Amino acid sequence: MNVCIIGTGYVGLTTGACLAYLGHQVSCIDTDAAKISRLRAGDVPIYEPYLQELLEIARPHIEFSTDYRSGLAAAEVVFIAVGTPPNPDGGPDLRYVCAAAEGIGEYYEGEFVVVVNKSTVPIGSGNWVESILRESFQRYRGRQANGRFAVASNPEFLREGTAIYDTLYPDRVVIGAENAHALEVLYTLYRPILDQSFTAPPFLTRPEEMSAVPLVSTDLSSAELVKYAANAFLALKISYINEIGRLAGKVGADILQVARGIGLDTRIGSRFLQPGVGWGGSCFGKDTAALLATASEYNLRMPIVQAARDVNRHQRDLVIERLLDELRILKGRTIGLLGLAFKPQTDDLRDAPAVEIVQKLIDRGARVKVHDPVAMNRFRQEQPQLAALRSATPEECVQFCDAVVLMTEWPQYLEMNWSQLATLMEKPLILDARYALDPVRVGRAGFRYTTLDRWNPAPARLAAATAGALA
Ligand code: UDX
């Protein structure tokens, strides 16, 4: 099929690369000319594992342009995948979605096209986009659009860092459409994924248990709500385990064992129960805020979603509280942060807890050193006002620090030579804000190990391990 994708961010580019890989003919449009020239030159402007490799294979089927007219010329499906950054009031800024819809209305010259909202838009936006398409078409063509545009909602559930995997091997595909023809078109588009009939890329083999992918076909508003409800649920799962983690610290329980103990109940599930500094990134904060904003338009309170947000905010404060507990005074201290990205395998710093913590530490008069395996450039470009010392290596970051905080659980940090790192600090202290390090191992390396809930499970684990060895 001929597909046009407007917006070449994480979602648009991944979707475009995957659809082109499946054999569709994809035209990606972005108003950012610099980005388009980089993409044309084969340069991928974001860090996303396997995206470059997939684009290389898909190259004969994908093109990049700033020109709506050429991109839309043969399109049977157009995806709107532009950014919806948060407004100060919590609702998403829909200006780019509006501009994309106006552009489609202005330049589309064919008889029928399905316009898909891939951006996360407030509930009810499907109808709104459709009216913009019609009005724009009429304004520029001087005649009615007459059923030329059918709007559908097709929310994405891809995680940064595993975006290609999530797109090719999804748990489900959700399509909200009120026009039967639009549903048919999208069914045909996604068929290779739904049937899993495509040849898996060599670097991302199909999971063994993978069979046909369920298609959830709904009306427009339901599909839009699915996206918000899914993200809010995942967010509150994280906040729930963090809340339990605080209690675990008080009663001397090991939150990781508690998480495992509850997660193995298949009704609960073990994913998204990793305690730590809480969620960041472009989705959970924005989507929970948007959900509350929509609810308030209907005079509805959503106390559970609100509580998830409050707990998440508090987890970030806990980092400072724990450092104060340990060091008493932060003024003049040197704190090293390992990891800046909101999670491993991405260079995305949107709503990254580490960025906020750098600011909080600087506000308290601390000297802050930072390191991240991939997000250093982005940090320099996006946060020029933050006077943190950027370290080229984790060792440089740790050296002469009063405390080190593990902010992002990059695998390379977990495998570091902690004994050698301990020699670089006068009193080696590590605050594991992701509960990702082995407390026994870093303890043996010479570090005082602590976590956000304060309890150090190392002695208990060491005792259990020793008892096991004796038995
Ligand atoms: C999320 C959703 O997972 C995805 O379906 C949606 O389309 C976009 O938003 P993403 O933001 O890329 O994806 O990251 P995700 O892997 O969900 O992690 C979000 C944040 O939660 C990260 O900061 C991560 O560190 C944190 N997290 C995740 C936890 O603190 N604990 C967990 O158990 C899981």
# chains A, B, ... in the order shown; residues from 1 in each chain; ligands from 1

$ residues_near_ligand --ligand "ligand 1" --cutoff "9 Å" --atoms "only C-alpha atoms and all ligand atoms" --output "MDAnalysis selection string"
chainID A and resid 11 120 155:163 166 227 230:231 234:235 237:239 241:242 270:284 287 341:344 346 351:353 408:409 434

$ select_by_dssp --residues "segment 157-301 of chain A" --states "strand (DSSP E)" --output "PyMOL selection string"
chain A and resi 173-177+215-218

$ write_last_selection --atoms "N, CA, C and O atoms" --output "PDB file, in the first residue's frame"
ATOM      1  N   VAL A 173      -3.246  -4.992  18.170  1.00  0.00           N
ATOM      2  CA  VAL A 173      -3.360  -3.780  17.355  1.00  0.00           C
ATOM      3  C   VAL A 173      -4.756  -3.234  17.618  1.00  0.00           C
ATOM      4  O   VAL A 173      -5.737  -3.973  17.563  1.00  0.00           O
ATOM      5  N   VAL A 174      -4.826  -1.950  17.966  1.00  0.00           N
ATOM      6  CA  VAL A 174      -6.128  -1.339  18.239  1.00  0.00           C
ATOM      7  C   VAL A 174      -6.458  -0.373  17.105  1.00  0.00           C
ATOM      8  O   VAL A 174      -5.645   0.495  16.766  1.00  0.00           O
ATOM      9  N   ILE A 175      -7.632  -0.548  16.520  1.00  0.00           N
ATOM     10  CA  ILE A 175      -8.062   0.370  15.459  1.00  0.00           C
ATOM     11  C   ILE A 175      -9.454   0.884  15.798  1.00  0.00           C
ATOM     12  O   ILE A 175     -10.393   0.102  15.977  1.00  0.00           O
ATOM     13  N   GLY A 176      -9.553   2.184  15.910  1.00  0.00           N
ATOM     14  CA  GLY A 176     -10.865   2.801  16.132  1.00  0.00           C
ATOM     15  C   GLY A 176     -11.294   3.463  14.848  1.00  0.00           C
ATOM     16  O   GLY A 176     -10.597   4.346  14.333  1.00  0.00           O
ATOM     17  N   ALA A 177     -12.393   3.023  14.293  1.00  0.00           N
ATOM     18  CA  ALA A 177     -12.866   3.630  13.035  1.00  0.00           C
ATOM     19  C   ALA A 177     -14.372   3.463  12.942  1.00  0.00           C
ATOM     20  O   ALA A 177     -14.900   2.424  13.338  1.00  0.00           O
ATOM     21  N   LEU A 215      -6.613  -8.279  16.867  1.00  0.00           N
ATOM     22  CA  LEU A 215      -7.009  -6.948  16.407  1.00  0.00           C
ATOM     23  C   LEU A 215      -8.207  -6.513  17.246  1.00  0.00           C
ATOM     24  O   LEU A 215      -9.214  -7.216  17.319  1.00  0.00           O
ATOM     25  N   VAL A 216      -8.070  -5.372  17.907  1.00  0.00           N
ATOM     26  CA  VAL A 216      -9.197  -4.844  18.681  1.00  0.00           C
ATOM     27  C   VAL A 216      -9.796  -3.714  17.863  1.00  0.00           C
ATOM     28  O   VAL A 216      -9.177  -2.668  17.681  1.00  0.00           O
ATOM     29  N   SER A 217     -10.990  -3.971  17.344  1.00  0.00           N
ATOM     30  CA  SER A 217     -11.608  -2.967  16.479  1.00  0.00           C
ATOM     31  C   SER A 217     -12.711  -2.253  17.269  1.00  0.00           C
ATOM     32  O   SER A 217     -13.612  -2.893  17.810  1.00  0.00           O
ATOM     33  N   THR A 218     -12.608  -0.939  17.355  1.00  0.00           N
ATOM     34  CA  THR A 218     -13.529  -0.174  18.214  1.00  0.00           C
ATOM     35  C   THR A 218     -14.030   1.072  17.484  1.00  0.00           C
ATOM     36  O   THR A 218     -13.594   1.364  16.365  1.00  0.00           O
TER      37      THR A 218
END

$ closest_residue --among "A:Arg148, A:Glu321, A:Val44, A:Val78" --to "Gln25 of chain A" --atoms "only C-alpha atoms"
A:Val78

$ residues_around --residues "Phe447 of chain A" --least-positions-apart "2" --cutoff "6 Å" --atoms "only C-alpha atoms" --output "short mmCIF file (atom, residue, chain, number, x, y, z; two decimals) with N, CA, C and O atoms, in the first residue's frame"
data_model
loop_
_atom_site.label_atom_id
_atom_site.label_comp_id
_atom_site.auth_asym_id
_atom_site.auth_seq_id
_atom_site.Cartn_x
_atom_site.Cartn_y
_atom_site.Cartn_z
N PRO A 428 33.33 5.42 49.78
CA PRO A 428 32.46 4.99 48.68
C PRO A 428 31.01 4.77 49.13
O PRO A 428 30.76 3.96 50.02
N LEU A 429 30.11 5.54 48.53
CA LEU A 429 28.69 5.45 48.88
C LEU A 429 27.89 5.42 47.59
O LEU A 429 28.07 6.28 46.72
N VAL A 442 28.34 -5.02 45.22
CA VAL A 442 28.92 -3.68 45.41
C VAL A 442 29.37 -3.49 46.87
O VAL A 442 30.33 -2.77 47.13
N GLY A 443 28.69 -4.18 47.79
CA GLY A 443 29.09 -4.14 49.19
C GLY A 443 30.48 -4.74 49.36
O GLY A 443 31.37 -4.16 49.98
N ALA A 445 32.65 -4.92 47.13
CA ALA A 445 33.62 -4.08 46.41
C ALA A 445 34.08 -2.90 47.28
O ALA A 445 34.99 -2.17 46.89
N TYR A 449 26.13 0.57 50.41
CA TYR A 449 25.04 0.50 49.43
C TYR A 449 23.74 0.90 50.09
O TYR A 449 23.42 0.44 51.19
#

$ closest_residue --among "A:Gly7, A:Ile36, A:Pro201, A:Ala229" --to "Glu56 of chain A" --atoms "only C-alpha atoms"
A:Pro201

$ select_by_dssp --residues "segment 295-445 of chain A" --states "helix (DSSP H, G or I)" --output "MDAnalysis selection string"
chainID A and resid 295:297 303:327 353:363 376:382 394:398 411:414 418:422 439:444

$ residues_around --residues "Glu224 of chain A" --least-positions-apart "2" --cutoff "9 Å" --atoms "only C-alpha atoms" --output "JSON list (two decimals) with N, CA and C atoms, in the first residue's frame"
[["chain", "number", "residue", "atom", "x", "y", "z"],
["A", 120, "THR", "N", -0.82, 10.69, 20.29],
["A", 120, "THR", "CA", -1.77, 10.53, 21.40],
["A", 120, "THR", "C", -2.55, 11.83, 21.55],
["A", 121, "VAL", "N", -3.82, 11.74, 21.22],
["A", 121, "VAL", "CA", -4.65, 12.95, 21.21],
["A", 121, "VAL", "C", -5.81, 12.78, 22.19],
["A", 122, "PRO", "N", -6.35, 13.88, 22.70],
["A", 122, "PRO", "CA", -7.43, 13.75, 23.67],
["A", 122, "PRO", "C", -8.64, 13.05, 23.06],
["A", 123, "ILE", "N", -9.42, 12.46, 23.94],
["A", 123, "ILE", "CA", -10.59, 11.73, 23.48],
["A", 123, "ILE", "C", -11.53, 12.71, 22.77],
["A", 124, "GLY", "N", -11.96, 12.33, 21.61],
["A", 124, "GLY", "CA", -12.83, 13.22, 20.82],
["A", 124, "GLY", "C", -12.07, 13.89, 19.68],
["A", 125, "SER", "N", -10.75, 13.68, 19.63],
["A", 125, "SER", "CA", -9.97, 14.37, 18.61],
["A", 125, "SER", "C", -10.22, 13.84, 17.21],
["A", 126, "GLY", "N", -10.67, 12.59, 17.11],
["A", 126, "GLY", "CA", -10.94, 12.02, 15.79],
["A", 126, "GLY", "C", -11.92, 12.90, 15.03],
["A", 153, "SER", "N", -8.44, 5.98, 14.51],
["A", 153, "SER", "CA", -7.47, 6.12, 15.60],
["A", 153, "SER", "C", -6.72, 4.79, 15.72],
["A", 154, "ASN", "N", -5.42, 4.87, 15.77],
["A", 154, "ASN", "CA", -4.61, 3.65, 15.86],
["A", 154, "ASN", "C", -3.48, 3.92, 16.84],
["A", 155, "PRO", "N", -3.79, 3.87, 18.14],
["A", 155, "PRO", "CA", -2.78, 4.24, 19.12],
["A", 155, "PRO", "C", -1.56, 3.33, 19.07],
["A", 176, "GLY", "N", -9.55, 2.18, 15.91],
["A", 176, "GLY", "CA", -10.87, 2.80, 16.13],
["A", 176, "GLY", "C", -11.29, 3.46, 14.85],
["A", 219, "ASP", "N", -14.87, 1.82, 18.19],
["A", 219, "ASP", "CA", -15.22, 3.15, 17.69],
["A", 219, "ASP", "C", -14.06, 4.10, 18.01],
["A", 220, "LEU", "N", -14.13, 5.31, 17.51],
["A", 220, "LEU", "CA", -13.01, 6.25, 17.66],
["A", 220, "LEU", "C", -12.67, 6.55, 19.12],
["A", 221, "SER", "N", -13.69, 6.93, 19.91],
["A", 221, "SER", "CA", -13.39, 7.35, 21.29],
["A", 221, "SER", "C", -12.83, 6.21, 22.11],
["A", 222, "SER", "N", -13.31, 4.99, 21.87],
["A", 222, "SER", "CA", -12.80, 3.87, 22.67],
["A", 222, "SER", "C", -11.32, 3.66, 22.39],
["A", 226, "VAL", "N", -8.40, 3.81, 25.08],
["A", 226, "VAL", "CA", -7.53, 2.64, 25.33],
["A", 226, "VAL", "C", -6.09, 3.12, 25.59],
["A", 227, "LYS", "N", -5.64, 4.02, 24.77],
["A", 227, "LYS", "CA", -4.26, 4.49, 24.89],
["A", 227, "LYS", "C", -4.01, 5.13, 26.26],
["A", 228, "TYR", "N", -4.89, 6.03, 26.66],
["A", 228, "TYR", "CA", -4.71, 6.71, 27.95],
["A", 228, "TYR", "C", -4.85, 5.73, 29.11],
["A", 229, "ALA", "N", -5.86, 4.87, 29.00],
["A", 229, "ALA", "CA", -6.11, 3.94, 30.10],
["A", 229, "ALA", "C", -4.95, 2.96, 30.25]]

$ closest_residue --among "A:Leu431, A:Ala212, A:Val116, A:Val77" --to "Asp325 of chain A" --atoms "only C-alpha atoms"
A:Leu431

$ atom_distance --atom1 "atom CA of Val355 of chain A" --atom2 "atom CA of Thr334 of chain A"
16.2 Å

$ closest_residue --among "A:Gly23, A:Pro373, A:Gly269, A:Gly365" --to "Ala387 of chain A" --atoms "only C-alpha atoms"
A:Gly365

$ closest_residue --among "A:Leu386, A:Cys401, A:Leu54, A:Leu22" --to "Thr199 of chain A" --atoms "only C-alpha atoms"
A:Leu22

$ residues_around --residues "Thr451 of chain A" --least-positions-apart "4" --cutoff "10 Å" --atoms "only C-alpha atoms" --output "ChimeraX atom specification"
/A:249,276-277,318-319,322,405-406,430-437,439,455-457

$ atom_distance --atom1 "atom CA of Met1 of chain A" --atom2 "atom CA of Ala152 of chain A"
16.7 Å

$ atom_distance --atom1 "atom CA of Thr66 of chain A" --atom2 "atom CA of Gly105 of chain A"
16.1 Å

$ decode --residues "segment 37-58 of chain A" --atoms "N, CA, C and O atoms" --output "short mmCIF file (atom, residue, chain, number, x, y, z; two decimals), in the first residue's frame"
data_model
loop_
_atom_site.label_atom_id
_atom_site.label_comp_id
_atom_site.auth_asym_id
_atom_site.auth_seq_id
_atom_site.Cartn_x
_atom_site.Cartn_y
_atom_site.Cartn_z
N SER A 37 16.98 16.22 5.62
CA SER A 37 18.22 15.97 4.87
C SER A 37 19.09 14.92 5.56
O SER A 37 19.73 14.11 4.89
N ARG A 38 19.09 14.91 6.89
CA ARG A 38 19.86 13.87 7.59
C ARG A 38 19.30 12.49 7.25
O ARG A 38 20.05 11.56 6.97
N LEU A 39 17.98 12.38 7.28
CA LEU A 39 17.36 11.08 7.00
C LEU A 39 17.65 10.63 5.57
O LEU A 39 17.91 9.46 5.31
N ARG A 40 17.60 11.60 4.67
CA ARG A 40 17.90 11.26 3.26
C ARG A 40 19.32 10.76 3.11
O ARG A 40 19.61 9.91 2.27
N ALA A 41 20.21 11.33 3.92
CA ALA A 41 21.62 10.93 3.84
C ALA A 41 21.88 9.62 4.59
O ALA A 41 23.02 9.18 4.73
N GLY A 42 20.83 9.04 5.12
CA GLY A 42 20.99 7.75 5.81
C GLY A 42 21.34 7.88 7.28
O GLY A 42 21.72 6.92 7.94
N ASP A 43 21.22 9.11 7.80
CA ASP A 43 21.58 9.36 9.19
C ASP A 43 20.30 9.36 10.04
O ASP A 43 19.33 10.04 9.70
N VAL A 44 20.27 8.59 11.11
CA VAL A 44 19.06 8.52 11.93
C VAL A 44 19.18 9.50 13.10
O VAL A 44 20.11 9.40 13.90
N PRO A 45 18.28 10.48 13.18
CA PRO A 45 18.46 11.54 14.19
C PRO A 45 18.16 11.15 15.63
O PRO A 45 18.39 11.94 16.53
N ILE A 46 17.64 9.95 15.88
CA ILE A 46 17.38 9.55 17.27
C ILE A 46 18.10 8.24 17.57
O ILE A 46 18.45 7.50 16.65
N TYR A 47 18.31 8.00 18.86
CA TYR A 47 18.93 6.73 19.23
C TYR A 47 17.83 5.72 19.50
O TYR A 47 17.06 5.86 20.44
N GLU A 48 17.69 4.75 18.64
CA GLU A 48 16.70 3.70 18.85
C GLU A 48 17.30 2.41 18.29
O GLU A 48 17.57 2.33 17.08
N PRO A 49 17.54 1.42 19.16
CA PRO A 49 18.18 0.20 18.68
C PRO A 49 17.49 -0.39 17.45
O PRO A 49 16.25 -0.46 17.41
N TYR A 50 18.27 -0.78 16.47
CA TYR A 50 17.85 -1.47 15.23
C TYR A 50 17.13 -0.58 14.21
O TYR A 50 16.78 -1.05 13.13
N LEU A 51 16.88 0.67 14.55
CA LEU A 51 16.18 1.54 13.60
C LEU A 51 17.03 1.75 12.34
O LEU A 51 16.55 1.65 11.21
N GLN A 52 18.30 2.03 12.57
CA GLN A 52 19.21 2.24 11.46
C GLN A 52 19.26 1.01 10.55
O GLN A 52 19.14 1.11 9.33
N GLU A 53 19.40 -0.16 11.17
CA GLU A 53 19.50 -1.40 10.41
C GLU A 53 18.23 -1.64 9.60
O GLU A 53 18.26 -2.02 8.43
N LEU A 54 17.08 -1.39 10.24
CA LEU A 54 15.81 -1.63 9.56
C LEU A 54 15.63 -0.66 8.39
O LEU A 54 15.20 -1.04 7.30
N LEU A 55 16.02 0.61 8.63
CA LEU A 55 15.90 1.61 7.56
C LEU A 55 16.79 1.24 6.38
O LEU A 55 16.41 1.47 5.22
N GLU A 56 17.95 0.67 6.66
CA GLU A 56 18.83 0.27 5.57
C GLU A 56 18.18 -0.80 4.69
O GLU A 56 18.18 -0.69 3.47
N ILE A 57 17.56 -1.78 5.34
CA ILE A 57 16.89 -2.85 4.56
C ILE A 57 15.70 -2.26 3.81
O ILE A 57 15.42 -2.62 2.67
N ALA A 58 14.99 -1.33 4.46
CA ALA A 58 13.73 -0.83 3.90
C ALA A 58 13.93 0.33 2.92
O ALA A 58 12.97 0.82 2.32
#
